[in-house]
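Peer 1: Next comes start_23.cif, mmCIF, C-alpha atoms:
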data_work
#
loop_
_atom_site.label_atom_id
_atom_site.label_comp_id
_atom_site.auth_asym_id
_atom_site.auth_seq_id
_atom_site.Cartn_x
_atom_site.Cartn_y
_atom_site.Cartn_z
CA MET A 14 0.00 0.00 0.00
CA GLU A 15 1.44 3.37 -1.09
CA MET A 16 1.99 6.16 1.43
CA ILE A 17 0.01 9.31 0.73
CA THR A 18 1.48 12.79 0.25
CA LYS A 19 0.06 15.27 2.77
CA ASN A 20 0.50 18.82 1.49
CA ARG A 21 -1.69 21.94 1.75
CA GLN A 22 -4.12 20.77 -0.95
CA TYR A 23 -4.53 17.41 0.80
CA PHE A 24 -5.70 19.22 3.92
CA LYS A 25 -8.03 21.40 1.83
CA PHE A 26 -9.61 18.26 0.36
CA CYS A 27 -10.04 16.89 3.89
CA LEU A 28 -11.49 20.17 5.21
CA TYR A 29 -14.00 20.31 2.33
CA GLY A 30 -15.35 16.86 3.25
CA PHE A 31 -15.41 17.74 6.94
CA LEU A 32 -17.40 20.96 6.39
CA LYS A 33 -19.68 19.36 3.77
CA ASN A 34 -20.80 16.74 6.28
CA LEU A 35 -21.61 19.25 9.01
CA ARG A 36 -25.27 18.82 8.06
CA PHE A 37 -26.74 19.02 11.52
CA PHE A 38 -30.20 17.98 10.31
CA ASP A 39 -28.99 14.60 8.96
CA ALA A 40 -29.36 12.85 12.31
CA PHE A 41 -32.99 13.96 12.72
CA ILE A 42 -34.51 14.51 9.25
CA ILE A 43 -37.00 11.62 9.43
CA LEU A 44 -38.02 12.53 12.99
CA PHE A 45 -38.40 16.18 11.92
CA LEU A 46 -40.69 15.27 9.01
CA ILE A 47 -42.74 12.88 11.16
CA GLU A 48 -43.10 15.63 13.79
CA LYS A 49 -44.46 17.88 11.01
CA GLY A 50 -47.20 15.32 10.36
CA LEU A 51 -45.89 13.57 7.25
CA SER A 52 -46.49 9.86 6.69
CA TYR A 53 -43.76 7.42 5.62
CA THR A 54 -45.32 7.33 2.15
CA GLU A 55 -45.10 11.14 1.87
CA ILE A 56 -41.52 11.05 3.17
CA GLY A 57 -40.68 8.35 0.62
CA SER A 58 -42.18 10.50 -2.16
CA LEU A 59 -40.06 13.50 -1.07
CA TYR A 60 -36.92 11.36 -1.19
CA ALA A 61 -37.95 10.02 -4.60
CA ILE A 62 -38.65 13.49 -6.02
CA ARG A 63 -35.28 14.70 -4.73
CA GLU A 64 -33.63 11.79 -6.52
CA ILE A 65 -35.55 12.53 -9.73
CA PHE A 66 -34.16 16.06 -9.74
CA ILE A 67 -30.70 14.68 -9.08
CA ASN A 68 -31.33 12.36 -12.02
CA ALA A 69 -32.42 15.21 -14.28
CA PHE A 70 -29.30 17.28 -13.57
CA GLU A 71 -26.77 14.48 -12.99
CA ILE A 72 -25.08 14.01 -16.36
CA PRO A 73 -25.59 17.66 -17.48
CA SER A 74 -23.94 18.82 -14.24
CA GLY A 75 -21.02 16.44 -14.79
CA ILE A 76 -20.61 17.67 -18.36
CA ILE A 77 -20.81 21.30 -17.22
CA ALA A 78 -18.24 20.60 -14.49
CA ASP A 79 -15.85 18.98 -16.98
CA THR A 80 -16.43 21.67 -19.60
CA TYR A 81 -16.95 24.98 -17.80
CA GLY A 82 -15.23 24.40 -14.49
CA ARG A 83 -15.47 22.10 -11.50
CA LYS A 84 -14.98 24.86 -8.95
CA ASN A 85 -17.92 26.73 -10.50
CA ALA A 86 -20.11 23.62 -10.30
CA LEU A 87 -19.27 23.15 -6.61
CA LEU A 88 -20.01 26.81 -5.83
CA ILE A 89 -23.44 26.48 -7.49
CA SER A 90 -24.05 23.32 -5.47
CA LEU A 91 -23.20 24.95 -2.13
CA PHE A 92 -25.43 27.94 -2.90
CA LEU A 93 -28.41 25.67 -3.69
CA TYR A 94 -27.83 23.73 -0.46
CA ILE A 95 -27.93 26.94 1.59
CA ILE A 96 -31.22 28.05 0.00
CA SER A 97 -32.71 24.61 0.72
CA PHE A 98 -31.72 24.86 4.41
CA ILE A 99 -33.57 28.18 4.64
CA VAL A 100 -36.72 26.67 3.10
CA PHE A 101 -36.54 23.69 5.50
CA TYR A 102 -36.28 26.12 8.42
CA ILE A 103 -39.37 28.12 7.44
CA GLY A 104 -41.30 25.10 6.11
CA ASN A 105 -44.36 23.65 7.80
CA ASP A 106 -46.10 21.55 5.16
CA TYR A 107 -45.44 19.00 2.44
CA TRP A 108 -45.23 21.51 -0.42
CA LEU A 109 -42.57 23.71 1.14
CA PHE A 110 -40.59 20.61 2.04
CA LEU A 111 -40.97 19.53 -1.60
CA ILE A 112 -39.29 22.78 -2.72
CA ALA A 113 -36.52 22.25 -0.17
CA PHE A 114 -35.92 18.68 -1.36
CA ILE A 115 -35.83 19.82 -5.01
CA LEU A 116 -33.24 22.51 -4.22
CA TYR A 117 -31.20 20.04 -2.19
CA GLY A 118 -31.38 17.43 -4.96
CA THR A 119 -30.24 19.90 -7.61
CA GLY A 120 -27.34 20.90 -5.37
CA ASP A 121 -26.46 17.24 -4.96
CA ALA A 122 -26.36 16.80 -8.74
CA PHE A 123 -23.82 19.60 -9.15
CA ARG A 124 -21.68 18.22 -6.30
CA SER A 125 -21.69 14.46 -6.90
CA GLY A 126 -18.66 13.24 -8.78
CA THR A 127 -17.18 16.71 -9.16
CA HIS A 128 -15.00 16.84 -6.05
CA LYS A 129 -13.92 13.20 -6.49
CA ALA A 130 -12.85 14.04 -10.05
CA MET A 131 -10.85 17.02 -8.77
CA ILE A 132 -9.02 14.76 -6.31
CA MET A 133 -8.28 12.15 -8.97
CA ASP A 134 -7.12 14.81 -11.43
CA TYR A 135 -4.88 16.35 -8.77
CA LEU A 136 -3.22 12.98 -8.22
CA LEU A 137 -2.80 12.60 -11.99
CA LEU A 138 -1.22 16.06 -12.29
CA ASN A 139 1.33 15.11 -9.64
CA ASN A 140 1.92 11.55 -10.91
CA TRP A 141 0.48 10.09 -7.71
CA GLU A 142 -2.06 7.78 -9.38
CA ASN A 143 -0.82 4.84 -7.30
CA GLN A 144 -2.15 6.62 -4.19
CA ARG A 145 -5.77 6.80 -5.43
CA ILE A 146 -7.54 4.36 -3.09
CA ASN A 147 -5.53 5.27 0.00
CA TYR A 148 -5.64 9.04 -0.71
CA TYR A 149 -9.38 9.15 -1.33
CA GLY A 150 -9.98 6.86 1.64
CA HIS A 151 -8.15 9.30 3.93
CA THR A 152 -9.94 12.39 2.59
CA ARG A 153 -13.29 10.59 2.84
CA SER A 154 -12.52 9.61 6.43
CA TRP A 155 -12.58 13.32 7.28
CA SER A 156 -16.09 13.50 5.83
CA GLN A 157 -17.11 10.80 8.29
CA ILE A 158 -15.42 12.67 11.15
CA GLY A 159 -17.45 15.71 10.08
CA SER A 160 -20.61 13.60 10.31
CA ALA A 161 -19.59 12.39 13.77
CA ILE A 162 -18.97 15.93 15.08
CA SER A 163 -22.13 17.11 13.30
CA SER A 164 -24.22 14.53 15.17
CA LEU A 165 -22.92 15.64 18.57
CA ILE A 166 -23.52 19.32 17.79
CA ALA A 167 -27.00 18.54 16.42
CA GLY A 168 -27.81 16.54 19.55
CA MET A 169 -26.81 19.50 21.72
CA ILE A 170 -28.86 21.91 19.58
CA VAL A 171 -31.95 19.71 19.97
CA PHE A 172 -31.25 19.15 23.68
CA TYR A 173 -31.05 22.88 24.46
CA SER A 174 -33.76 24.08 22.07
CA GLY A 175 -36.17 21.14 22.38
CA THR A 176 -36.94 21.33 18.65
CA TYR A 177 -35.52 19.87 15.44
CA GLN A 178 -36.17 22.99 13.32
CA ASN A 179 -33.17 25.11 14.39
CA ILE A 180 -30.64 22.58 13.10
CA PHE A 181 -31.33 23.69 9.51
CA LEU A 182 -30.40 27.27 10.33
CA TYR A 183 -27.13 26.24 11.97
CA SER A 184 -26.28 24.04 8.95
CA ILE A 185 -25.82 27.17 6.82
CA ILE A 186 -22.65 28.22 8.69
CA PRO A 187 -20.23 25.43 7.60
CA TYR A 188 -21.53 25.67 4.03
CA LEU A 189 -20.61 29.36 3.92
CA PHE A 190 -17.10 28.40 5.03
CA ASN A 191 -16.97 25.78 2.27
CA LEU A 192 -17.85 28.43 -0.32
CA ILE A 193 -14.73 30.33 0.74
CA LEU A 194 -12.60 27.15 0.81
CA ILE A 195 -13.54 26.03 -2.73
CA SER A 196 -12.69 29.48 -4.09
CA THR A 197 -9.09 28.97 -2.87
CA TYR A 198 -8.56 25.72 -4.85
CA PRO A 199 -5.82 26.07 -7.52
CA LYS A 200 -6.93 27.04 -11.04
CA GLU A 201 -5.59 23.85 -12.58
CA LEU A 202 -8.30 21.88 -10.73
CA ASN A 203 -11.10 23.92 -12.29
CA HIS A 204 -10.85 22.00 -15.56
CA SER A 205 -9.59 18.55 -16.41
CA ASN A 206 -5.89 18.77 -17.25
CA LYS A 207 -6.48 17.20 -20.68
CA GLN A 208 -9.08 19.74 -21.84
CA LYS A 209 -7.60 23.10 -20.88
CA SER A 210 -7.31 24.28 -24.47
CA LYS A 211 -10.85 23.41 -25.51
CA LYS A 212 -13.81 25.71 -24.90
CA GLY A 213 -17.56 25.82 -25.06
CA ILE A 214 -19.68 23.56 -27.23
CA LYS A 215 -16.71 21.74 -28.78
CA ALA A 216 -15.47 20.66 -25.36
CA MET A 217 -18.96 19.55 -24.35
CA GLY A 218 -19.29 17.54 -27.57
CA LEU A 219 -15.92 15.87 -26.97
CA THR A 220 -16.92 15.03 -23.40
CA ILE A 221 -20.21 13.43 -24.50
CA LYS A 222 -18.47 11.45 -27.27
CA SER A 223 -15.74 10.20 -24.93
CA PHE A 224 -18.30 9.27 -22.30
CA ALA A 225 -20.40 7.31 -24.80
CA THR A 226 -17.30 5.32 -25.81
CA ILE A 227 -16.11 4.55 -22.27
CA ILE A 228 -19.52 3.61 -20.86
CA LYS A 229 -19.76 0.73 -23.36
CA HIS A 230 -16.69 -0.91 -21.85
CA PRO A 231 -17.86 -3.95 -19.83
CA ASN A 232 -15.46 -3.36 -16.92
CA VAL A 233 -16.60 0.25 -16.45
CA LEU A 234 -20.26 -0.72 -16.87
CA ARG A 235 -19.95 -3.48 -14.28
CA LEU A 236 -18.16 -1.20 -11.79
CA ILE A 237 -20.75 1.56 -12.19
CA ASN A 238 -23.55 -0.96 -11.75
CA THR A 239 -21.99 -2.60 -8.68
CA THR A 240 -21.08 0.70 -7.02
CA SER A 241 -24.48 2.26 -7.60
CA PHE A 242 -26.59 -0.48 -6.00
CA HIS A 243 -25.15 -0.36 -2.50
CA SER A 244 -24.91 3.45 -2.42
CA ALA A 245 -28.55 3.70 -3.56
CA TYR A 246 -29.62 1.15 -0.97
CA LEU A 247 -27.94 3.04 1.87
CA LYS A 248 -29.21 6.40 0.62
CA ALA A 249 -32.80 5.14 0.51
CA ILE A 250 -32.82 3.53 3.96
CA LYS A 251 -30.15 5.35 5.99
CA ASP A 252 -32.44 7.89 7.66
CA TYR A 253 -34.81 5.13 8.78
CA ILE A 254 -32.18 4.28 11.38
CA GLN A 255 -33.62 7.22 13.35
CA PRO A 256 -36.87 5.46 14.42
CA VAL A 257 -34.66 2.51 15.43
CA MET A 258 -32.59 4.90 17.54
CA VAL A 259 -35.73 6.34 19.17
CA ASN A 260 -36.62 2.83 20.34
CA VAL A 261 -33.07 2.36 21.64
CA ALA A 262 -33.34 5.70 23.47
CA LEU A 263 -36.47 4.42 25.23
CA VAL A 264 -34.55 1.59 26.87
CA VAL A 265 -31.48 3.66 27.83
CA PRO A 266 -31.74 4.04 31.65
CA ILE A 267 -30.81 7.75 31.86
CA LEU A 268 -32.48 11.18 31.59
CA PHE A 269 -35.83 9.93 32.93
CA ASP A 270 -37.04 13.44 33.83
CA VAL A 271 -36.02 15.03 30.52
CA GLU A 272 -38.52 15.92 27.79
CA VAL A 273 -38.73 13.16 25.12
CA ASN A 274 -37.39 15.26 22.22
CA LYS A 275 -34.46 16.47 24.31
CA LYS A 276 -33.60 12.94 25.46
CA ASN A 277 -33.86 11.65 21.90
CA GLY A 278 -31.68 14.53 20.72
CA ILE A 279 -28.75 13.86 23.02
CA ILE A 280 -28.85 10.04 22.75
CA ILE A 281 -29.26 9.99 18.97
CA GLY A 282 -26.46 12.56 18.63
CA VAL A 283 -24.11 10.38 20.68
CA LEU A 284 -25.09 7.21 18.78
CA TYR A 285 -24.44 8.87 15.42
CA PHE A 286 -21.12 10.20 16.73
CA PHE A 287 -19.83 6.68 17.39
CA ILE A 288 -21.31 5.36 14.13
CA TYR A 289 -19.43 7.95 12.09
CA LEU A 290 -16.21 7.40 14.01
CA GLY A 291 -16.53 3.76 12.93
CA THR A 292 -17.24 4.66 9.29
CA SER A 293 -14.30 7.09 9.31
CA LEU A 294 -12.02 4.25 10.42
CA ALA A 295 -13.54 1.94 7.78
CA SER A 296 -12.86 4.51 5.06
CA LYS A 297 -9.28 4.97 6.23
CA LEU A 298 -8.68 1.20 6.24
CA SER A 299 -10.14 0.67 2.76
CA GLY A 300 -6.70 0.95 1.15
CA LYS A 301 -5.29 -1.79 3.40
CA ILE A 302 -8.29 -4.03 2.72
CA ALA A 303 -7.91 -3.57 -1.06
CA ALA A 304 -4.19 -4.31 -0.86
CA ASN A 305 -4.50 -7.39 1.34
CA THR A 306 -7.38 -9.32 -0.20
CA ASN A 307 -7.76 -11.17 -3.48
CA ARG A 308 -11.52 -11.60 -3.13
CA ASN A 309 -14.12 -10.00 -5.36
CA ILE A 310 -14.55 -6.94 -3.11
CA PRO A 311 -17.37 -5.26 -5.11
CA PHE A 312 -19.60 -8.37 -5.09
CA VAL A 313 -18.80 -9.64 -1.58
CA THR A 314 -19.34 -6.27 0.11
CA LEU A 315 -22.52 -5.61 -1.89
CA LEU A 316 -24.00 -8.91 -0.76
CA LEU A 317 -22.84 -8.29 2.82
CA GLY A 318 -24.58 -4.90 2.94
CA PHE A 319 -27.91 -6.45 1.88
CA VAL A 320 -27.50 -9.25 4.43
CA PHE A 321 -26.98 -6.68 7.21
CA GLY A 322 -30.20 -4.96 6.12
CA THR A 323 -32.15 -8.22 6.25
CA ILE A 324 -30.80 -9.08 9.71
CA SER A 325 -31.56 -5.57 10.99
CA GLY A 326 -35.18 -5.90 9.83
CA ILE A 327 -35.62 -9.32 11.45
CA LEU A 328 -34.23 -8.05 14.77
CA PHE A 329 -36.41 -4.92 14.61
CA VAL A 330 -39.57 -6.99 14.07
CA ASN A 331 -38.66 -8.97 17.18
CA ASP A 332 -38.15 -5.77 19.27
CA LEU A 333 -34.40 -6.41 19.57
CA TRP A 334 -33.70 -2.75 18.83
CA VAL A 335 -30.11 -2.53 20.08
CA PHE A 336 -29.05 -5.51 17.95
CA SER A 337 -31.08 -4.16 15.02
CA LEU A 338 -29.14 -0.91 15.30
CA ILE A 339 -25.81 -2.77 15.35
CA ALA A 340 -26.75 -4.68 12.16
CA PHE A 341 -27.85 -1.42 10.54
CA ILE A 342 -24.48 0.13 11.36
CA GLY A 343 -22.93 -2.72 9.38
CA ILE A 344 -24.43 -1.24 6.19
CA TYR A 345 -22.70 2.09 6.90
CA VAL A 346 -19.36 0.38 7.52
CA VAL A 347 -19.61 -1.67 4.31
CA GLU A 348 -20.36 1.46 2.25
CA ASN A 349 -17.33 3.28 3.62
CA ILE A 350 -15.04 0.37 2.87
CA ARG A 351 -16.46 0.03 -0.65
CA LYS A 352 -16.57 3.62 -1.81
CA PRO A 353 -12.84 4.54 -1.84
CA ILE A 354 -11.95 1.16 -3.35
CA LEU A 355 -14.50 1.34 -6.16
CA THR A 356 -13.78 5.03 -6.83
CA GLY A 357 -10.14 4.03 -7.32
CA TYR A 358 -11.16 1.17 -9.60
CA ILE A 359 -13.26 3.52 -11.76
CA ALA A 360 -10.44 6.08 -11.92
CA ASP A 361 -8.10 3.34 -13.16
CA ASN A 362 -10.45 2.54 -16.07
CA VAL A 363 -11.57 6.03 -17.15
CA PRO A 364 -9.61 8.92 -18.75
CA GLY A 365 -9.25 11.90 -16.41
CA GLU A 366 -10.93 14.42 -18.74
CA ILE A 367 -14.31 12.67 -18.48
CA LEU A 368 -13.99 11.25 -14.98
CA ALA A 369 -16.55 13.65 -13.47
CA THR A 370 -19.00 12.69 -16.23
CA VAL A 371 -18.57 8.95 -15.66
CA ILE A 372 -18.86 9.31 -11.89
CA SER A 373 -22.00 11.37 -12.53
CA ALA A 374 -23.35 8.50 -14.65
CA GLN A 375 -22.72 6.23 -11.69
CA SER A 376 -24.65 8.70 -9.53
CA LEU A 377 -27.43 8.80 -12.12
CA LEU A 378 -27.91 5.03 -11.92
CA LYS A 379 -27.75 5.29 -8.12
CA THR A 380 -30.45 7.97 -8.30
CA ILE A 381 -32.80 5.83 -10.40
CA ILE A 382 -32.42 2.92 -7.98
CA THR A 383 -32.87 5.21 -4.96
CA VAL A 384 -36.14 6.60 -6.38
CA ILE A 385 -37.59 3.11 -6.66
CA LEU A 386 -36.32 1.97 -3.26
CA ALA A 387 -37.46 5.15 -1.46
CA LEU A 388 -41.01 4.88 -2.80
CA CYS A 389 -41.23 1.17 -2.01
CA LEU A 390 -39.75 1.60 1.46
CA GLY A 391 -42.12 4.43 2.39
CA ALA A 392 -45.21 2.54 1.24
CA LEU A 393 -44.12 -0.73 2.89
CA ALA A 394 -43.26 1.05 6.17
CA ASP A 395 -46.73 2.63 6.35
CA ILE A 396 -48.47 -0.71 5.73
CA TYR A 397 -46.24 -3.28 7.44
CA GLY A 398 -43.80 -1.30 9.58
CA ILE A 399 -40.12 -0.45 9.22
CA GLY A 400 -38.78 -3.90 10.13
CA VAL A 401 -40.74 -5.78 7.47
CA SER A 402 -39.89 -3.15 4.86
CA PHE A 403 -36.16 -3.69 5.55
CA ILE A 404 -36.54 -7.47 5.17
CA VAL A 405 -38.55 -7.35 1.93
CA LEU A 406 -36.35 -4.73 0.27
CA SER A 407 -33.06 -6.36 1.27
CA LEU A 408 -34.06 -9.88 0.19
CA PHE A 409 -35.35 -8.54 -3.13
CA LEU A 410 -31.98 -6.87 -3.76
CA VAL A 411 -30.09 -10.07 -2.91
CA LEU A 412 -32.17 -11.89 -5.54
CA LEU A 413 -31.63 -9.09 -8.07
CA LEU A 414 -27.87 -9.13 -7.39
CA VAL A 415 -27.69 -12.85 -8.17
CA ILE A 416 -29.65 -12.37 -11.42
CA ILE A 417 -27.40 -9.49 -12.55
CA ARG A 418 -24.26 -11.47 -11.72
CA ILE A 419 -25.50 -14.42 -13.80
CA TYR A 420 -26.33 -12.04 -16.67
CA PHE A 421 -22.83 -10.52 -16.68
CA SER A 422 -21.25 -13.98 -16.49
CA LEU A 423 -23.26 -15.35 -19.43
CA PHE A 424 -23.62 -12.41 -21.79
CA VAL A 425 -21.11 -9.64 -20.94
CA ASN A 426 -17.94 -11.42 -19.81
CA LYS A 427 -17.80 -14.03 -22.57
CA ASP A 428 -14.11 -13.35 -23.03
#
What is this structure when it is put down as structure tokens?
Peer 2:
Amino acid sequence: MEMITKNRQYFKFCLYGFLKNLRFFDAFIILFLIEKGLSYTEIGSLYAIREIFINAFEIPSGIIADTYGRKNALLISLFLYIISFIVFYIGNDYWLFLIAFILYGTGDAFRSGTHKAMIMDYLLLNNWENQRINYYGHTRSWSQIGSAISSLIAGMIVFYSGTYQNIFLYSIIPYLFNLILISTYPKELNHSNKQKSKKGIKAMGLTIKSFATIIKHPNVLRLINTTSFHSAYLKAIKDYIQPVMVNVALVVPILFDVEVNKKNGIIIGVLYFFIYLGTSLASKLSGKIAANTNRNIPFVTLLLGFVFGTISGILFVNDLWVFSLIAFIGIYVVENIRKPILTGYIADNVPGEILATVISAQSLLKTIITVILALCLGALADIYGIGVSFIVLSLFLVLLLVIIRIYFSLFVNKD
């Protein structure tokens, strides 16, 4: 495993991820929406609509980032996030929350893939390609540390205010700092190093043509497919860990005289803190895992994530909430082992000048899958409960994974 080079830009990459994940509302978004009177089906539809808007802007945003500037795309993204936080703060009904989710989803489309591509291009510029998995794993670990700190701060905000609403207002502050940080990135990271001399429509046409050629390559197609499924699965179900945590908070023998929301706030904040410390460690160790195993990491970890989801659902149905939470955490850990490894694999198979576009295509597929899973999960949770919805969804994905693997073996990997 190659050692990574820690210079000023390395620390900027780390700080970006840290600030980006100071989304104080993340630990309480489902509880916030339930408190506002929304059903699981309505919540599922909001998640799905957000993903549809991500879908609509995903590849265009990647092309714009590769053609007109990645820094510019990230600045647009951060601005849209900030506006969405304001709408969440003032919102009180489904339709205002719909606007907030649309703004957030559009911001996500401009962000996803862009910063990863900047990191990979930076390594290429400095001839550090052999550091890809380890380097990205380390920078991503700071994102998870940001999530851990964010959870503790959010828990304290809820504990002292007794409401979930204020956390959206406080989330604006780190995003303003990130706007300043991105503006200090070196100019050579604004565009792919192989397209500096090309402008406007010609560059966009070249990007689309190159993307169309690369995406037909079986190895890239398989990696995009494998990467997207687990990320979509976690994205669709990750916030449903919050009702699990509420049940865990009920059995924690402390803070008996404290108001329910305040007790939930502090306990959920602490639980998320330890979860994200674990995912940070998993992300940092991904390079070692990739270097020390000969197994099919994409397939094995994908299957493992779905198995954890099934077990979590079974334990939840049987009121074993603490164990259900532990199994659920397994999905987080698997994702943070997978993501740096698979990002490195994709970077090894894709030219740098269209990397943001290809990663955006991966995000597009993830978005389509998330839309379907979010709608199904919301409807199932309203009818049968959260536990059963986890079981049904996870087992379905295990079956689908087996079918896709057989398809690739028979028809795609004939050579």
Peer 1: Pick the closest to Lys129 (chain A) from A:Lys275, A:Arg36, A:Arg418, A:Lys352: which is it, counting only C-alpha atoms?
Peer 2: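 Using only C-alpha atoms, Lys129 (chain A) sits closest to A:Lys352.
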Peer 1: Give me, as a Markdown table, each residue of region 341-413 of chain A that comes within 8 Å of region 145-154 of chain A, together with its shortest interatomic pair and the distance in Å at one decimal, counting all atoms listed in the file, with rows ordered by chain and rising residue number.
Peer 2:
| residue | atom | partner | partner_atom | distance |
| --- | --- | --- | --- | --- |
| A:Pro353 | CA | A:Gly150 | CA | 5.1 |
| A:Ile354 | CA | A:Ile146 | CA | 5.5 |
| A:Thr356 | CA | A:Ile146 | CA | 7.3 |
| A:Gly357 | CA | A:Ile146 | CA | 5.0 |
Peer 1: For the residues in that selection, give me C-alpha atoms as a PDB file, in the frame of the given file.
Peer 2:
ATOM      1  CA  PRO A 353     -12.840   4.540  -1.840  1.00  0.00           C
ATOM      2  CA  ILE A 354     -11.950   1.160  -3.350  1.00  0.00           C
ATOM      3  CA  THR A 356     -13.780   5.030  -6.830  1.00  0.00           C
ATOM      4  CA  GLY A 357     -10.140   4.030  -7.320  1.00  0.00           C
TER       5      GLY A 357
END
Peer 1: Using the chain letters and numbers from the file, which residues does the PyMOL selection byres ((chain A and resi 48) around 12) grab, as number ranges by chain?
Peer 2: A: 41-47, 49-53, 56, 105-106, 176-178, 256, 274
Peer 1: What does the distance from CA of Gly118 (chain A) to CA of Arg63 (chain A) come to in Å, to one decimal?
Peer 2: 4.8 Å
Peer 1: Just checking: using only C-alpha atoms, which residue out of A:Leu263, A:Ile185, A:Ile417, A:Leu315 ends up closest to Phe92 (chain A)?
Peer 2: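 That would be A:Ile185, the residue with the smallest distance to Phe92 (chain A).
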Peer 1: Given the PyMOL selection byres ((chain A and resi 187) around 9) and the file above, list the residues it selects as a PDB file with C-alpha atoms, in the frame of the given file.
Peer 2:
ATOM      1  CA  LEU A  32     -17.400  20.960   6.390  1.00  0.00           C
ATOM      2  CA  LYS A  33     -19.680  19.360   3.770  1.00  0.00           C
ATOM      3  CA  ASN A  34     -20.800  16.740   6.280  1.00  0.00           C
ATOM      4  CA  LEU A  35     -21.610  19.250   9.010  1.00  0.00           C
ATOM      5  CA  ARG A  36     -25.270  18.820   8.060  1.00  0.00           C
ATOM      6  CA  TYR A 183     -27.130  26.240  11.970  1.00  0.00           C
ATOM      7  CA  SER A 184     -26.280  24.040   8.950  1.00  0.00           C
ATOM      8  CA  ILE A 185     -25.820  27.170   6.820  1.00  0.00           C
ATOM      9  CA  ILE A 186     -22.650  28.220   8.690  1.00  0.00           C
ATOM     10  CA  TYR A 188     -21.530  25.670   4.030  1.00  0.00           C
ATOM     11  CA  LEU A 189     -20.610  29.360   3.920  1.00  0.00           C
ATOM     12  CA  PHE A 190     -17.100  28.400   5.030  1.00  0.00           C
ATOM     13  CA  ASN A 191     -16.970  25.780   2.270  1.00  0.00           C
ATOM     14  CA  LEU A 192     -17.850  28.430  -0.320  1.00  0.00           C
TER      15      LEU A 192
END
Peer 1: Give me, as a list of chain:residue names, all polymer residues having an atom no more than 9 Å from Phe312 (chain A), counting all atoms listed in the file and skipping those fewer than 3 positions away in the same chain.
Peer 2: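 These residues fall inside the cut-off: A:Thr239, A:Arg308, A:Asn309, A:Leu315, A:Leu316, A:Leu317, A:Leu414, A:Arg418.
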Peer 1: Provide the CA of Tyr23 (chain A) to CA of Tyr358 (chain A) distance in Å, to one decimal place.
Peer 2: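 CA of Tyr358 (chain A) lies 20.4 Å from CA of Tyr23 (chain A).
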Peer 1: Here is a test: counting all atoms listed in the file, which residue of A:Ile350, A:Val261, A:Leu111, A:Val401 is nearest to Glu55 (chain A)?
Peer 2: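 Using all atoms listed in the file, the shortest distance to Glu55 (chain A) belongs to A:Leu111.
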Peer 1: Name the residues that the PyMOL selection byres ((chain A and resi 85) around 12) pulls out of this structure, and write them as a ChimeraX atom specification.
Peer 2: /A:74-75,77-84,86-92,123-124,127-128,192,195-198,200,202-204
